[in-house]
Amino acid sequence: MARSRRRFLVLLFVLLPSSLVPGYWCWAQEPGPILSPKRSFDVASIKVNKTQTRAPMRWGPGGTFIMGLPIQTILTIGYGVPMYRVVGAPGWVNTVIFDIDARAGGPPVINERGAYYRGLLEERFGLKAHVEQREMDAYALVLAHADGRLGPGLRRSTVDCDTVIAENRRRAEAGEPPRPPPPGARPVCGSVGGGSGLTAGAAELTGIVAMLSAGLERPVINKTGLTGRFDIDFRSAPMRPGPAPAPSIAELPSVFTAVQEQLGLKLEPTRALIPVLVIDHIEMPTEN
């Protein structure tokens, strides 16, 4: 997603346990970069979009795949890392828009799609990469109050989400678009968010952790010890410099203040050994 665009997405997350490496926090909210397996599209047309017109990525019936976006989109999804954990990528990876129209042999399930993105990048863009552990700045997300008291924007939920998640997965694998909640309504068993805000219904904390990581462009390590699902309401001023926001947004508290006042949590600076994807080689593709 481009930084300049404020789109709302329906997000579902799975929380993995965190661990500690002696001397450092080790970020285990997400696994390290994924290098294999790889799969090949039967056919794939790739062209530079000279008008810089964007088209969202979409899987359709029969294994069709289209998108009109910079390849950072399939790079981050395919290898399972945000761009701040990608080292050595040239600038055009983030800026040049490619129109991609591809066909797989059949409709892949969600967990297989990343393998097609990796195959496309390596076969058509000549991508070669490896994984390294590198030390970087990070934040630990911890409880703000010794008594464990949570803020008004973080409330426990007992909703059973198994059925909802199964239906969302079925729709995604069938190439059907997600069903966002009506305007102003709280999502069920998921999150909607954009910029520096997130509203969630019966969601795990992975959603807010991912949003904070993306906004701060640093790993955020969940060390709250909180498990289960929560209703979440969170809004802060923009986390990154950019065009002047609307007055109503500019007046919101900073992300650090909002995390503490609204969620009853706190972001503490730390250092971490983080698995990163190192790009050894990538080139502009031959158009077809």
# chains A, B, ... in the order shown; residues from 1 in each chain; ligands from 1
$ select_by_dssp --residues "range 114-238 of chain A" --states "strand (DSSP E)" --output "PyMOL selection string"
chain A and resi 128-143+154-157+190-194+197-203+220-222+229-235
$ write_last_selection --atoms "C-alpha atoms" --output "mmCIF file, in the first residue's frame"
data_model
loop_
_atom_site.group_PDB
_atom_site.id
_atom_site.type_symbol
_atom_site.label_atom_id
_atom_site.label_comp_id
_atom_site.auth_asym_id
_atom_site.auth_seq_id
_atom_site.Cartn_x
_atom_site.Cartn_y
_atom_site.Cartn_z
ATOM 1 C CA LYS A 128 18.139 -13.205 -5.705
ATOM 2 C CA ALA A 129 18.056 -12.752 -1.955
ATOM 3 C CA HIS A 130 19.115 -14.230 1.353
ATOM 4 C CA VAL A 131 18.161 -13.832 5.021
ATOM 5 C CA GLU A 132 20.331 -12.236 7.706
ATOM 6 C CA GLN A 133 19.845 -11.385 11.367
ATOM 7 C CA ARG A 134 20.522 -7.689 11.863
ATOM 8 C CA GLU A 135 20.337 -5.525 14.943
ATOM 9 C CA MET A 136 17.944 -2.595 14.684
ATOM 10 C CA ASP A 137 15.926 -0.177 16.761
ATOM 11 C CA ALA A 138 12.592 -1.556 17.942
ATOM 12 C CA TYR A 139 9.822 -0.956 20.453
ATOM 13 C CA ALA A 140 8.569 -3.274 23.163
ATOM 14 C CA LEU A 141 4.803 -3.022 23.732
ATOM 15 C CA VAL A 142 4.228 -3.468 27.473
ATOM 16 C CA LEU A 143 1.530 -2.851 30.060
ATOM 17 C CA LEU A 154 -8.931 -1.963 24.674
ATOM 18 C CA ARG A 155 -11.729 -4.212 25.950
ATOM 19 C CA ARG A 156 -11.815 -7.996 26.157
ATOM 20 C CA SER A 157 -14.204 -9.883 23.855
ATOM 21 C CA GLY A 190 -11.231 -8.467 12.322
ATOM 22 C CA SER A 191 -9.910 -4.947 12.040
ATOM 23 C CA VAL A 192 -10.263 -1.940 9.780
ATOM 24 C CA GLY A 193 -7.589 0.678 9.793
ATOM 25 C CA GLY A 194 -5.721 3.252 7.808
ATOM 26 C CA GLY A 197 -6.252 4.579 13.384
ATOM 27 C CA LEU A 198 -7.678 1.130 13.966
ATOM 28 C CA THR A 199 -11.088 -0.201 14.938
ATOM 29 C CA ALA A 200 -11.371 -3.889 15.749
ATOM 30 C CA GLY A 201 -13.999 -6.307 16.935
ATOM 31 C CA ALA A 202 -12.965 -9.533 18.661
ATOM 32 C CA ALA A 203 -9.459 -9.267 17.201
ATOM 33 C CA VAL A 220 7.040 -3.702 17.681
ATOM 34 C CA ILE A 221 7.421 -6.640 20.047
ATOM 35 C CA ASN A 222 4.322 -7.624 22.005
ATOM 36 C CA ARG A 229 -9.492 -11.233 21.558
ATOM 37 C CA PHE A 230 -10.310 -7.590 22.097
ATOM 38 C CA ASP A 231 -12.517 -4.774 20.865
ATOM 39 C CA ILE A 232 -10.101 -1.974 19.991
ATOM 40 C CA ASP A 233 -10.589 1.738 19.290
ATOM 41 C CA PHE A 234 -7.382 3.616 18.551
ATOM 42 C CA ARG A 235 -6.568 6.934 16.884
#
$ residues_around --residues "Pro181 in chain A" --least-positions-apart "5" --cutoff "9 Å" --atoms "only C-alpha atoms" --output "number ranges by chain"
A: 10, 186-188, 192
$ write_last_selection --atoms "N, CA and C atoms" --output "short mmCIF file (atom, residue, chain, number, x, y, z; two decimals), in the first residue's frame"
data_model
loop_
_atom_site.label_atom_id
_atom_site.label_comp_id
_atom_site.auth_asym_id
_atom_site.auth_seq_id
_atom_site.Cartn_x
_atom_site.Cartn_y
_atom_site.Cartn_z
N VAL A 10 -9.74 -4.76 5.49
CA VAL A 10 -10.17 -5.73 6.50
C VAL A 10 -8.99 -6.66 6.74
N ARG A 186 -18.65 -1.57 13.81
CA ARG A 186 -17.44 -2.28 14.24
C ARG A 186 -17.32 -3.59 13.46
N PRO A 187 -16.14 -3.91 12.92
CA PRO A 187 -15.99 -5.19 12.23
C PRO A 187 -16.14 -6.35 13.21
N VAL A 188 -16.44 -7.51 12.69
CA VAL A 188 -16.59 -8.70 13.51
C VAL A 188 -15.40 -9.62 13.25
N VAL A 192 -10.37 -2.88 10.89
CA VAL A 192 -10.26 -1.94 9.78
C VAL A 192 -9.38 -0.81 10.25
#
$ select_by_dssp --residues "range 46-163 of chain A" --states "alpha helix (DSSP H)" --output "PyMOL selection string"
chain A and resi 72-79+92-95+110-124+162-163
$ closest_residue --among "A:Gly114, A:Gly126, A:Gly225, A:Pro33" --to "Gly78 in chain A" --atoms "only C-alpha atoms"
A:Gly114
$ residues_around --residues "Asn49 in chain A" --least-positions-apart "5" --cutoff "10 Å" --atoms "only C-alpha atoms" --output "mmCIF file with C-alpha atoms, in the first residue's frame"
data_model
loop_
_atom_site.group_PDB
_atom_site.id
_atom_site.type_symbol
_atom_site.label_atom_id
_atom_site.label_comp_id
_atom_site.auth_asym_id
_atom_site.auth_seq_id
_atom_site.Cartn_x
_atom_site.Cartn_y
_atom_site.Cartn_z
ATOM 1 C CA ARG A 54 -2.968 2.053 -9.778
ATOM 2 C CA GLY A 68 -1.283 -2.461 -11.136
ATOM 3 C CA LEU A 69 1.070 -1.560 -8.279
ATOM 4 C CA PRO A 70 4.783 -1.282 -7.446
ATOM 5 C CA VAL A 96 7.390 2.107 -10.637
ATOM 6 C CA ILE A 97 3.903 0.719 -11.236
ATOM 7 C CA PHE A 98 3.698 -2.566 -13.131
ATOM 8 C CA ASP A 99 0.587 -3.962 -14.782
ATOM 9 C CA ILE A 100 0.694 -7.706 -14.160
#
$ closest_residue --among "A:Ser236, A:Ser45, A:Thr95, A:Thr227" --to "Gln262 in chain A" --atoms "only C-alpha atoms"
A:Ser236
$ residues_around --residues "Gly106 in chain A" --least-positions-apart "6" --cutoff "10 Å" --atoms "only C-alpha atoms" --output "list in words"
Phe41, Asp42, Pro61, Gly62, Gly63 and Thr64 of chain A
$ closest_residue --among "A:Gln260, A:Thr286, A:Thr270, A:Ser196" --to "Pro219 in chain A" --atoms "only C-alpha atoms"
A:Thr270
$ closest_residue --among "A:Pro253, A:Gly175, A:Pro107, A:Gly80" --to "Trp59 in chain A" --atoms "only C-alpha atoms"
A:Gly175
$ closest_residue --among "A:Asn288, A:Ile274, A:Glu122, A:Met57" --to "Ala44 in chain A" --atoms "only C-alpha atoms"
A:Asn288
$ atom_distance --atom1 "CA of Arg169 in chain A" --atom2 "CA of Ile74 in chain A"
19.2 Å
$ atom_distance --atom1 "CA of Ala55 in chain A" --atom2 "CA of Met67 in chain A"
5.6 Å
$ residues_around --residues "Phe125 in chain A" --least-positions-apart "5" --cutoff "8 Å" --atoms "only C-alpha atoms" --output "list in words"
Leu120, Ile282, Glu283, Met284 and Pro285 of chain A
$ write_last_selection --atoms "N, CA and C atoms" --output "JSON list (two decimals), in the first residue's frame"
[["chain", "number", "residue", "atom", "x", "y", "z"],
["A", 120, "LEU", "N", 7.40, -15.43, -9.48],
["A", 120, "LEU", "CA", 7.33, -14.37, -10.47],
["A", 120, "LEU", "C", 8.51, -13.39, -10.31],
["A", 282, "ILE", "N", 18.31, -7.65, -8.38],
["A", 282, "ILE", "CA", 16.97, -7.54, -8.95],
["A", 282, "ILE", "C", 17.09, -6.60, -10.15],
["A", 283, "GLU", "N", 16.32, -6.84, -11.19],
["A", 283, "GLU", "CA", 16.43, -6.06, -12.42],
["A", 283, "GLU", "C", 15.05, -5.82, -13.00],
["A", 284, "MET", "N", 14.93, -4.76, -13.81],
["A", 284, "MET", "CA", 13.69, -4.48, -14.50],
["A", 284, "MET", "C", 13.39, -5.63, -15.47],
["A", 285, "PRO", "N", 12.15, -6.07, -15.54],
["A", 285, "PRO", "CA", 11.83, -7.23, -16.40],
["A", 285, "PRO", "C", 11.75, -6.83, -17.87]]
$ atom_distance --atom1 "CA of Thr53 in chain A" --atom2 "CA of Arg124 in chain A"
21.5 Å
$ closest_residue --among "A:Ser40, A:Arg218, A:Val93, A:Asp101" --to "Glu287 in chain A" --atoms "only C-alpha atoms"
A:Asp101
$ decode --residues "range 116-149 of chain A" --atoms "N, CA and C atoms" --output "PDB file, in the first residue's frame"
ATOM      1  N   TYR A 116       3.724 -18.121  -5.568  1.00  0.00           N
ATOM      2  CA  TYR A 116       3.626 -17.594  -6.938  1.00  0.00           C
ATOM      3  C   TYR A 116       4.288 -16.216  -7.037  1.00  0.00           C
ATOM      4  N   TYR A 117       4.134 -15.385  -6.009  1.00  0.00           N
ATOM      5  CA  TYR A 117       4.788 -14.081  -6.035  1.00  0.00           C
ATOM      6  C   TYR A 117       6.310 -14.251  -6.037  1.00  0.00           C
ATOM      7  N   ARG A 118       6.809 -15.166  -5.207  1.00  0.00           N
ATOM      8  CA  ARG A 118       8.260 -15.400  -5.176  1.00  0.00           C
ATOM      9  C   ARG A 118       8.749 -15.927  -6.518  1.00  0.00           C
ATOM     10  N   GLY A 119       7.989 -16.852  -7.099  1.00  0.00           N
ATOM     11  CA  GLY A 119       8.379 -17.384  -8.400  1.00  0.00           C
ATOM     12  C   GLY A 119       8.408 -16.309  -9.472  1.00  0.00           C
ATOM     13  N   LEU A 120       7.404 -15.433  -9.476  1.00  0.00           N
ATOM     14  CA  LEU A 120       7.335 -14.366 -10.475  1.00  0.00           C
ATOM     15  C   LEU A 120       8.506 -13.395 -10.305  1.00  0.00           C
ATOM     16  N   LEU A 121       8.807 -13.012  -9.085  1.00  0.00           N
ATOM     17  CA  LEU A 121       9.902 -12.080  -8.850  1.00  0.00           C
ATOM     18  C   LEU A 121      11.244 -12.681  -9.246  1.00  0.00           C
ATOM     19  N   GLU A 122      11.439 -13.945  -8.969  1.00  0.00           N
ATOM     20  CA  GLU A 122      12.725 -14.556  -9.265  1.00  0.00           C
ATOM     21  C   GLU A 122      12.869 -14.894 -10.745  1.00  0.00           C
ATOM     22  N   GLU A 123      11.766 -15.282 -11.390  1.00  0.00           N
ATOM     23  CA  GLU A 123      11.849 -15.650 -12.805  1.00  0.00           C
ATOM     24  C   GLU A 123      11.840 -14.445 -13.735  1.00  0.00           C
ATOM     25  N   ARG A 124      11.051 -13.431 -13.418  1.00  0.00           N
ATOM     26  CA  ARG A 124      10.888 -12.303 -14.338  1.00  0.00           C
ATOM     27  C   ARG A 124      11.693 -11.060 -13.925  1.00  0.00           C
ATOM     28  N   PHE A 125      11.962 -10.915 -12.645  1.00  0.00           N
ATOM     29  CA  PHE A 125      12.739  -9.770 -12.174  1.00  0.00           C
ATOM     30  C   PHE A 125      14.158 -10.174 -11.758  1.00  0.00           C
ATOM     31  N   GLY A 126      14.489 -11.450 -11.899  1.00  0.00           N
ATOM     32  CA  GLY A 126      15.831 -11.925 -11.581  1.00  0.00           C
ATOM     33  C   GLY A 126      16.220 -11.752 -10.128  1.00  0.00           C
ATOM     34  N   LEU A 127      15.221 -11.766  -9.233  1.00  0.00           N
ATOM     35  CA  LEU A 127      15.506 -11.500  -7.828  1.00  0.00           C
ATOM     36  C   LEU A 127      16.291 -12.641  -7.193  1.00  0.00           C
ATOM     37  N   LYS A 128      17.371 -12.267  -6.522  1.00  0.00           N
ATOM     38  CA  LYS A 128      18.139 -13.205  -5.705  1.00  0.00           C
ATOM     39  C   LYS A 128      18.290 -12.557  -4.335  1.00  0.00           C
ATOM     40  N   ALA A 129      18.048 -13.324  -3.295  1.00  0.00           N
ATOM     41  CA  ALA A 129      18.056 -12.752  -1.955  1.00  0.00           C
ATOM     42  C   ALA A 129      18.449 -13.802  -0.932  1.00  0.00           C
ATOM     43  N   HIS A 130      18.835 -13.329   0.246  1.00  0.00           N
ATOM     44  CA  HIS A 130      19.115 -14.230   1.353  1.00  0.00           C
ATOM     45  C   HIS A 130      18.658 -13.554   2.643  1.00  0.00           C
ATOM     46  N   VAL A 131      18.635 -14.318   3.729  1.00  0.00           N
ATOM     47  CA  VAL A 131      18.161 -13.832   5.021  1.00  0.00           C
ATOM     48  C   VAL A 131      19.343 -13.634   5.967  1.00  0.00           C
ATOM     49  N   GLU A 132      19.330 -12.506   6.683  1.00  0.00           N
ATOM     50  CA  GLU A 132      20.331 -12.236   7.706  1.00  0.00           C
ATOM     51  C   GLU A 132      19.642 -11.749   8.976  1.00  0.00           C
ATOM     52  N   GLN A 133      20.273 -11.991  10.105  1.00  0.00           N
ATOM     53  CA  GLN A 133      19.845 -11.385  11.367  1.00  0.00           C
ATOM     54  C   GLN A 133      20.604 -10.075  11.534  1.00  0.00           C
ATOM     55  N   ARG A 134      19.873  -8.979  11.681  1.00  0.00           N
ATOM     56  CA  ARG A 134      20.522  -7.689  11.863  1.00  0.00           C
ATOM     57  C   ARG A 134      19.941  -6.974  13.075  1.00  0.00           C
ATOM     58  N   GLU A 135      20.799  -6.275  13.787  1.00  0.00           N
ATOM     59  CA  GLU A 135      20.337  -5.525  14.943  1.00  0.00           C
ATOM     60  C   GLU A 135      19.725  -4.209  14.480  1.00  0.00           C
ATOM     61  N   MET A 136      18.575  -3.856  15.035  1.00  0.00           N
ATOM     62  CA  MET A 136      17.944  -2.595  14.684  1.00  0.00           C
ATOM     63  C   MET A 136      17.135  -2.070  15.859  1.00  0.00           C
ATOM     64  N   ASP A 137      16.790  -0.778  15.755  1.00  0.00           N
ATOM     65  CA  ASP A 137      15.926  -0.177  16.761  1.00  0.00           C
ATOM     66  C   ASP A 137      14.540  -0.816  16.705  1.00  0.00           C
ATOM     67  N   ALA A 138      13.918  -0.951  17.859  1.00  0.00           N
ATOM     68  CA  ALA A 138      12.592  -1.556  17.942  1.00  0.00           C
ATOM     69  C   ALA A 138      11.859  -0.944  19.131  1.00  0.00           C
ATOM     70  N   TYR A 139      10.610  -1.345  19.287  1.00  0.00           N
ATOM     71  CA  TYR A 139       9.822  -0.956  20.453  1.00  0.00           C
ATOM     72  C   TYR A 139       9.252  -2.207  21.091  1.00  0.00           C
ATOM     73  N   ALA A 140       9.270  -2.235  22.417  1.00  0.00           N
ATOM     74  CA  ALA A 140       8.569  -3.274  23.163  1.00  0.00           C
ATOM     75  C   ALA A 140       7.222  -2.703  23.596  1.00  0.00           C
ATOM     76  N   LEU A 141       6.143  -3.423  23.295  1.00  0.00           N
ATOM     77  CA  LEU A 141       4.803  -3.022  23.732  1.00  0.00           C
ATOM     78  C   LEU A 141       4.525  -3.710  25.057  1.00  0.00           C
ATOM     79  N   VAL A 142       4.371  -2.916  26.126  1.00  0.00           N
ATOM     80  CA  VAL A 142       4.228  -3.468  27.473  1.00  0.00           C
ATOM     81  C   VAL A 142       3.006  -2.853  28.144  1.00  0.00           C
ATOM     82  N   LEU A 143       2.615  -3.427  29.269  1.00  0.00           N
ATOM     83  CA  LEU A 143       1.530  -2.851  30.060  1.00  0.00           C
ATOM     84  C   LEU A 143       1.990  -1.540  30.679  1.00  0.00           C
ATOM     85  N   ALA A 144       1.112  -0.536  30.667  1.00  0.00           N
ATOM     86  CA  ALA A 144       1.459   0.763  31.229  1.00  0.00           C
ATOM     87  C   ALA A 144       1.215   0.834  32.727  1.00  0.00           C
ATOM     88  N   HIS A 145       0.334  -0.044  33.259  1.00  0.00           N
ATOM     89  CA  HIS A 145      -0.046   0.020  34.677  1.00  0.00           C
ATOM     90  C   HIS A 145       0.357  -1.267  35.391  1.00  0.00           C
ATOM     91  N   ALA A 146       0.927  -1.115  36.556  1.00  0.00           N
ATOM     92  CA  ALA A 146       1.396  -2.280  37.315  1.00  0.00           C
ATOM     93  C   ALA A 146       0.256  -3.232  37.657  1.00  0.00           C
ATOM     94  N   ASP A 147      -0.971  -2.708  37.801  1.00  0.00           N
ATOM     95  CA  ASP A 147      -2.102  -3.565  38.159  1.00  0.00           C
ATOM     96  C   ASP A 147      -2.746  -4.231  36.940  1.00  0.00           C
ATOM     97  N   GLY A 148      -2.157  -4.023  35.725  1.00  0.00           N
ATOM     98  CA  GLY A 148      -2.701  -4.655  34.535  1.00  0.00           C
ATOM     99  C   GLY A 148      -3.921  -3.989  33.955  1.00  0.00           C
ATOM    100  N   ARG A 149      -4.297  -2.830  34.504  1.00  0.00           N
ATOM    101  CA  ARG A 149      -5.486  -2.129  34.026  1.00  0.00           C
ATOM    102  C   ARG A 149      -5.305  -1.693  32.577  1.00  0.00           C
TER     103      ARG A 149
END
